[in-house]
Amino acid sequence: MPEPSEALDATHSPSGAPGSAEAAVTPPGPPVPEPGTRRPVTARATLAGAVVSLLLIAAIVLGSRMLRDFDSALLPYAVATVFLAFGVAYRYTVWVSAPGARRLFRKGFGSFFSAENFRRAPTALPKMIATYLGFQKFLGARSRGRWVAHQLIFWGCILAALITFPLTWGWFTFTSDSGSGPGYEMRIWGIKVLGFNALNIVGWLMFHGLDIAAVLVIPGATYFLWRRMKDRGAITGQRFAYDLLPLICLIVISVTGLLLTFSSIFLHGGGYEFLAILHMVSVVFTLIYIPFGKFFHIVQRPAAVGMQLFKYTARQDEQVFACKRCGEPVDTTPYVENLRGTMQDLKLDFNAFVEYCPRCKRVLRGNAYLTHVKKGYK
């Protein structure tokens with residue numbers, strides 16, 4: 001395999017020719033899919049979405065004891081979760097059909113579920129799940145403010161999902177022998193798991209868990225929304241539907257949820273019906289939107305954790321790949337080989353660049369520019 005600079009020399013030709021230096025210096029875009037390849041992927045994705053949706057419907061029916069514990073008032077939310085399941089399965093299937101994502105998926109989950117990796121480093125996977133998925137320490141290296149805001153959104157959404165989804169599906173129920181409390185029982189699939197008094201701290205936390213989640217989400221989402229309105233770097237590449245709309249949806253859901261509590265406690269139910277409809281519409285829209293917006297990275301992230309484990313185990317074996325130009329460590333050898341294989345799958349003819357550190361890549365590209373592109377203007 002020739003070095004990148006040699007490859008650029010070989011492709012030099014008069015400006016405008018197919019092998020011109022401009023084409024060599026500027027990496028080509030991803031190849032256009034061959035005709036007829038899109039339809040099988042769409043068919044597989046549709047089938048996967050349908051299967052997952054049917055499984056969720058079956059789980060709702062069985063988990064609610066043949067709909068005996070299912071609250072019909074929550075039907076729109078339950079229908080939205082079915083659409084969410086379909087969208088996630090559809091988008092995930094399309095995603096893993098791409099060469100790069102397919103390699104990430106195989107290597108990531110192969111390391112994730114590897115018995116050998118668990119025997120060699122039994123604490124590595126739990127530690128990476130906690131630091132990479134739970135506390136996202138990699139964000140702290142970029143900005144402490146972004147890390148705090150992301151943590152608020154993350155844990156607020158996790159808390160809301162753990163409460164909302166089981167209640168929506170009829171898996172959780174709260175019952176009272178007297179019909180009005182204060183003694184309540186929490187049941188999961190009809191089985192009593194906890195009894196509590198609605199007037200003590202445990203009862204307050206039980207009935208205000210979604211309010212706590214909203215209080216966490218609002219400052220985090222507001223911070224990111226403010227940053228995208230003020231930060232020049234964020235403004236340059238942002239898109240309304242992809243970057244701003246998810247944050248607006250989170251804020252609307254959280255604010256309307258808090259207003260429902262405010263209405264029931266301080267206004268004796270004034271405006272409750274309107275707020276309930278507004279809250280329901282915002283939640284349903286967001287659930288359906290998740291698979292096709294920025295929040296889809298939540299579903300993708302576990303594969304990235306597996307890839308981190310893949311790199312970690314290679315480092316334990318001291319499989320470090322050194323830059324071919326300066327000798328500085330680039331990454332682990334298996335990771336570099338995997339990246340090169342991905343670029344070959346995509347038919348990218350500059351895959352030799354993965355064997356160089358970032359600094360040497362810039363030097364090689366600069367030398368190619370000075371040798372070929374700038375030379376043509378003399």
# chains A, B, ... in the order shown; residues from 1 in each chain; ligands from 1
call {"tool": "residues_around", "arguments": {"residues": "region 115-131 of chain A", "least_positions_apart": "2", "cutoff": "8 Å", "atoms": "only C-alpha atoms", "output": "PyMOL selection string"}}
result
chain A and resi 111-113+133-137+305+308-309+313
call {"tool": "write_last_selection", "arguments": {"atoms": "N, CA, C and O atoms", "output": "PDB file, in the first residue's frame"}}
result
ATOM      1  N   SER A 111     -17.634  -7.342  21.640  1.00  0.00           N
ATOM      2  CA  SER A 111     -16.850  -7.112  22.858  1.00  0.00           C
ATOM      3  C   SER A 111     -17.747  -7.010  24.084  1.00  0.00           C
ATOM      4  O   SER A 111     -17.384  -7.454  25.177  1.00  0.00           O
ATOM      5  N   PHE A 112     -18.930  -6.426  23.891  1.00  0.00           N
ATOM      6  CA  PHE A 112     -19.875  -6.235  24.988  1.00  0.00           C
ATOM      7  C   PHE A 112     -20.275  -7.569  25.608  1.00  0.00           C
ATOM      8  O   PHE A 112     -20.347  -7.710  26.831  1.00  0.00           O
ATOM      9  N   PHE A 113     -20.520  -8.581  24.775  1.00  0.00           N
ATOM     10  CA  PHE A 113     -20.995  -9.874  25.260  1.00  0.00           C
ATOM     11  C   PHE A 113     -19.905 -10.950  25.223  1.00  0.00           C
ATOM     12  O   PHE A 113     -20.219 -12.146  25.271  1.00  0.00           O
ATOM     13  N   LEU A 133     -21.854   5.602  29.759  1.00  0.00           N
ATOM     14  CA  LEU A 133     -23.295   5.726  29.556  1.00  0.00           C
ATOM     15  C   LEU A 133     -23.954   6.553  30.653  1.00  0.00           C
ATOM     16  O   LEU A 133     -24.774   7.427  30.385  1.00  0.00           O
ATOM     17  N   GLY A 134     -23.615   6.251  31.920  1.00  0.00           N
ATOM     18  CA  GLY A 134     -24.283   6.904  33.030  1.00  0.00           C
ATOM     19  C   GLY A 134     -23.824   8.331  33.264  1.00  0.00           C
ATOM     20  O   GLY A 134     -24.626   9.271  33.206  1.00  0.00           O
ATOM     21  N   PHE A 135     -22.534   8.508  33.527  1.00  0.00           N
ATOM     22  CA  PHE A 135     -22.027   9.828  33.896  1.00  0.00           C
ATOM     23  C   PHE A 135     -21.334  10.558  32.753  1.00  0.00           C
ATOM     24  O   PHE A 135     -20.934  11.707  32.916  1.00  0.00           O
ATOM     25  N   GLN A 136     -21.166   9.913  31.600  1.00  0.00           N
ATOM     26  CA  GLN A 136     -20.660  10.562  30.377  1.00  0.00           C
ATOM     27  C   GLN A 136     -19.460  11.469  30.662  1.00  0.00           C
ATOM     28  O   GLN A 136     -19.467  12.663  30.367  1.00  0.00           O
ATOM     29  N   LYS A 137     -18.418  10.868  31.239  1.00  0.00           N
ATOM     30  CA  LYS A 137     -17.243  11.647  31.630  1.00  0.00           C
ATOM     31  C   LYS A 137     -16.549  12.290  30.435  1.00  0.00           C
ATOM     32  O   LYS A 137     -15.861  13.300  30.574  1.00  0.00           O
ATOM     33  N   VAL A 305     -20.177   1.953  23.556  1.00  0.00           N
ATOM     34  CA  VAL A 305     -19.567   1.432  24.780  1.00  0.00           C
ATOM     35  C   VAL A 305     -18.823   0.138  24.482  1.00  0.00           C
ATOM     36  O   VAL A 305     -17.708  -0.091  24.971  1.00  0.00           O
ATOM     37  N   GLN A 308     -15.551   0.980  22.930  1.00  0.00           N
ATOM     38  CA  GLN A 308     -14.583   1.402  23.936  1.00  0.00           C
ATOM     39  C   GLN A 308     -13.968   0.199  24.645  1.00  0.00           C
ATOM     40  O   GLN A 308     -12.766   0.170  24.923  1.00  0.00           O
ATOM     41  N   LEU A 309     -14.790  -0.814  24.917  1.00  0.00           N
ATOM     42  CA  LEU A 309     -14.280  -2.031  25.521  1.00  0.00           C
ATOM     43  C   LEU A 309     -13.355  -2.767  24.557  1.00  0.00           C
ATOM     44  O   LEU A 309     -12.334  -3.344  24.966  1.00  0.00           O
ATOM     45  N   THR A 313      -9.477  -3.609  25.697  1.00  0.00           N
ATOM     46  CA  THR A 313      -8.863  -4.937  25.765  1.00  0.00           C
ATOM     47  C   THR A 313      -7.635  -5.022  24.864  1.00  0.00           C
ATOM     48  O   THR A 313      -6.669  -5.718  25.185  1.00  0.00           O
TER      49      THR A 313
END
call {"tool": "residues_around", "arguments": {"residues": "His297 (chain A)", "least_positions_apart": "6", "cutoff": "12 Å", "atoms": "only C-alpha atoms", "output": "NGL selection string"}}
result
:A and (88 or 91-92 or 95 or 133 or 242 or 290-291 or 303-304)
call {"tool": "write_last_selection", "arguments": {"atoms": "N, CA and C atoms", "output": "PDB file, in the first residue's frame"}}
result
ATOM      1  N   VAL A  88     -37.852   3.036  16.231  1.00  0.00           N
ATOM      2  CA  VAL A  88     -36.518   2.689  16.709  1.00  0.00           C
ATOM      3  C   VAL A  88     -35.996   1.441  15.995  1.00  0.00           C
ATOM      4  N   ARG A  91     -35.295   2.411  12.244  1.00  0.00           N
ATOM      5  CA  ARG A  91     -34.095   3.250  12.079  1.00  0.00           C
ATOM      6  C   ARG A  91     -32.831   2.465  12.441  1.00  0.00           C
ATOM      7  N   TYR A  92     -32.900   1.639  13.464  1.00  0.00           N
ATOM      8  CA  TYR A  92     -31.722   0.890  13.887  1.00  0.00           C
ATOM      9  C   TYR A  92     -31.316  -0.116  12.816  1.00  0.00           C
ATOM     10  N   TRP A  95     -29.693   1.753  10.089  1.00  0.00           N
ATOM     11  CA  TRP A  95     -28.380   2.224  10.540  1.00  0.00           C
ATOM     12  C   TRP A  95     -27.333   1.121  10.468  1.00  0.00           C
ATOM     13  N   LEU A 133     -21.854   5.602  29.759  1.00  0.00           N
ATOM     14  CA  LEU A 133     -23.295   5.726  29.556  1.00  0.00           C
ATOM     15  C   LEU A 133     -23.954   6.553  30.653  1.00  0.00           C
ATOM     16  N   TYR A 242     -33.538  19.268  13.854  1.00  0.00           N
ATOM     17  CA  TYR A 242     -32.642  18.282  14.438  1.00  0.00           C
ATOM     18  C   TYR A 242     -32.064  18.730  15.775  1.00  0.00           C
ATOM     19  N   ILE A 290     -38.672  10.778  18.293  1.00  0.00           N
ATOM     20  CA  ILE A 290     -37.376  10.316  18.814  1.00  0.00           C
ATOM     21  C   ILE A 290     -36.562   9.507  17.809  1.00  0.00           C
ATOM     22  N   PRO A 291     -37.123   8.496  17.126  1.00  0.00           N
ATOM     23  CA  PRO A 291     -36.283   7.687  16.233  1.00  0.00           C
ATOM     24  C   PRO A 291     -35.716   8.460  15.052  1.00  0.00           C
ATOM     25  N   ALA A 303     -23.623   0.566  21.554  1.00  0.00           N
ATOM     26  CA  ALA A 303     -22.633  -0.002  20.640  1.00  0.00           C
ATOM     27  C   ALA A 303     -21.302   0.717  20.786  1.00  0.00           C
ATOM     28  N   ALA A 304     -21.340   2.023  21.058  1.00  0.00           N
ATOM     29  CA  ALA A 304     -20.109   2.778  21.260  1.00  0.00           C
ATOM     30  C   ALA A 304     -19.406   2.339  22.538  1.00  0.00           C
TER      31      ALA A 304
END
call {"tool": "closest_atom_pairs", "arguments": {"of": "region 256-343 of chain A", "to": "region 154-176 of chain A", "cutoff": "12 Å", "atoms": "only C-alpha atoms", "output": "CSV"}}
result
residue,atom,partner,partner_atom,distance
A:Gly257,CA,A:Ala160,CA,10.9
A:Met280,CA,A:Thr168,CA,11.9
A:Val283,CA,A:Thr164,CA,10.5
A:Val284,CA,A:Thr168,CA,11.9
A:Leu287,CA,A:Ala161,CA,10.8
A:Phe295,CA,A:Phe154,CA,10.8
A:Ile298,CA,A:Phe154,CA,9.6
call {"tool": "select_by_dssp", "arguments": {"residues": "region 139-269 of chain A", "states": "strand (DSSP E or B)", "output": "tab-separated table (two decimals) with C-alpha atoms, in the first residue's frame"}}
result
chain	number	residue	atom	x	y	z
A	172	PHE	CA	-47.67	-0.40	37.41
A	173	THR	CA	-50.81	0.32	39.37
A	174	PHE	CA	-51.50	2.26	42.56
A	175	THR	CA	-54.54	1.09	44.51
A	183	GLY	CA	-52.74	4.16	52.33
A	184	TYR	CA	-51.72	2.96	48.85
A	185	GLU	CA	-50.24	-0.17	47.33
A	186	MET	CA	-47.93	-0.23	44.33
A	187	ARG	CA	-48.38	-3.35	42.23
A	188	ILE	CA	-46.28	-4.62	39.33
A	191	ILE	CA	-48.24	-8.34	42.42
A	192	LYS	CA	-47.93	-6.09	45.47
A	193	VAL	CA	-44.36	-4.81	45.86
A	194	LEU	CA	-44.77	-1.81	48.16
A	195	GLY	CA	-47.24	-0.26	50.53
A	196	PHE	CA	-46.92	3.41	51.47
A	197	ASN	CA	-48.70	6.36	53.02
call {"tool": "closest_residue", "arguments": {"among": "A:Leu259, A:Leu74, A:Leu54, A:Ala322", "to": "Ala214 (chain A)", "atoms": "only C-alpha atoms"}}
result
A:Leu259
call {"tool": "atom_distance", "arguments": {"atom1": "CA of Ser264 (chain A)", "atom2": "CA of Phe70 (chain A)"}}
result
23.2 Å
call {"tool": "atom_distance", "arguments": {"atom1": "CA of Asn338 (chain A)", "atom2": "CA of Gly100 (chain A)"}}
result
9.4 Å
call {"tool": "closest_residue", "arguments": {"among": "A:Leu245, A:Ile218, A:Cys357, A:Leu267", "to": "Ile153 (chain A)", "atoms": "only C-alpha atoms"}}
result
A:Ile218
call {"tool": "residues_around", "arguments": {"residues": "His150 (chain A)", "least_positions_apart": "5", "cutoff": "10 Å", "atoms": "only C-alpha atoms", "output": "JSON, numbers by chain"}}
result
{"A": [135, 136, 139, 140, 144, 145, 155, 156, 217, 219, 220, 221, 223, 224]}
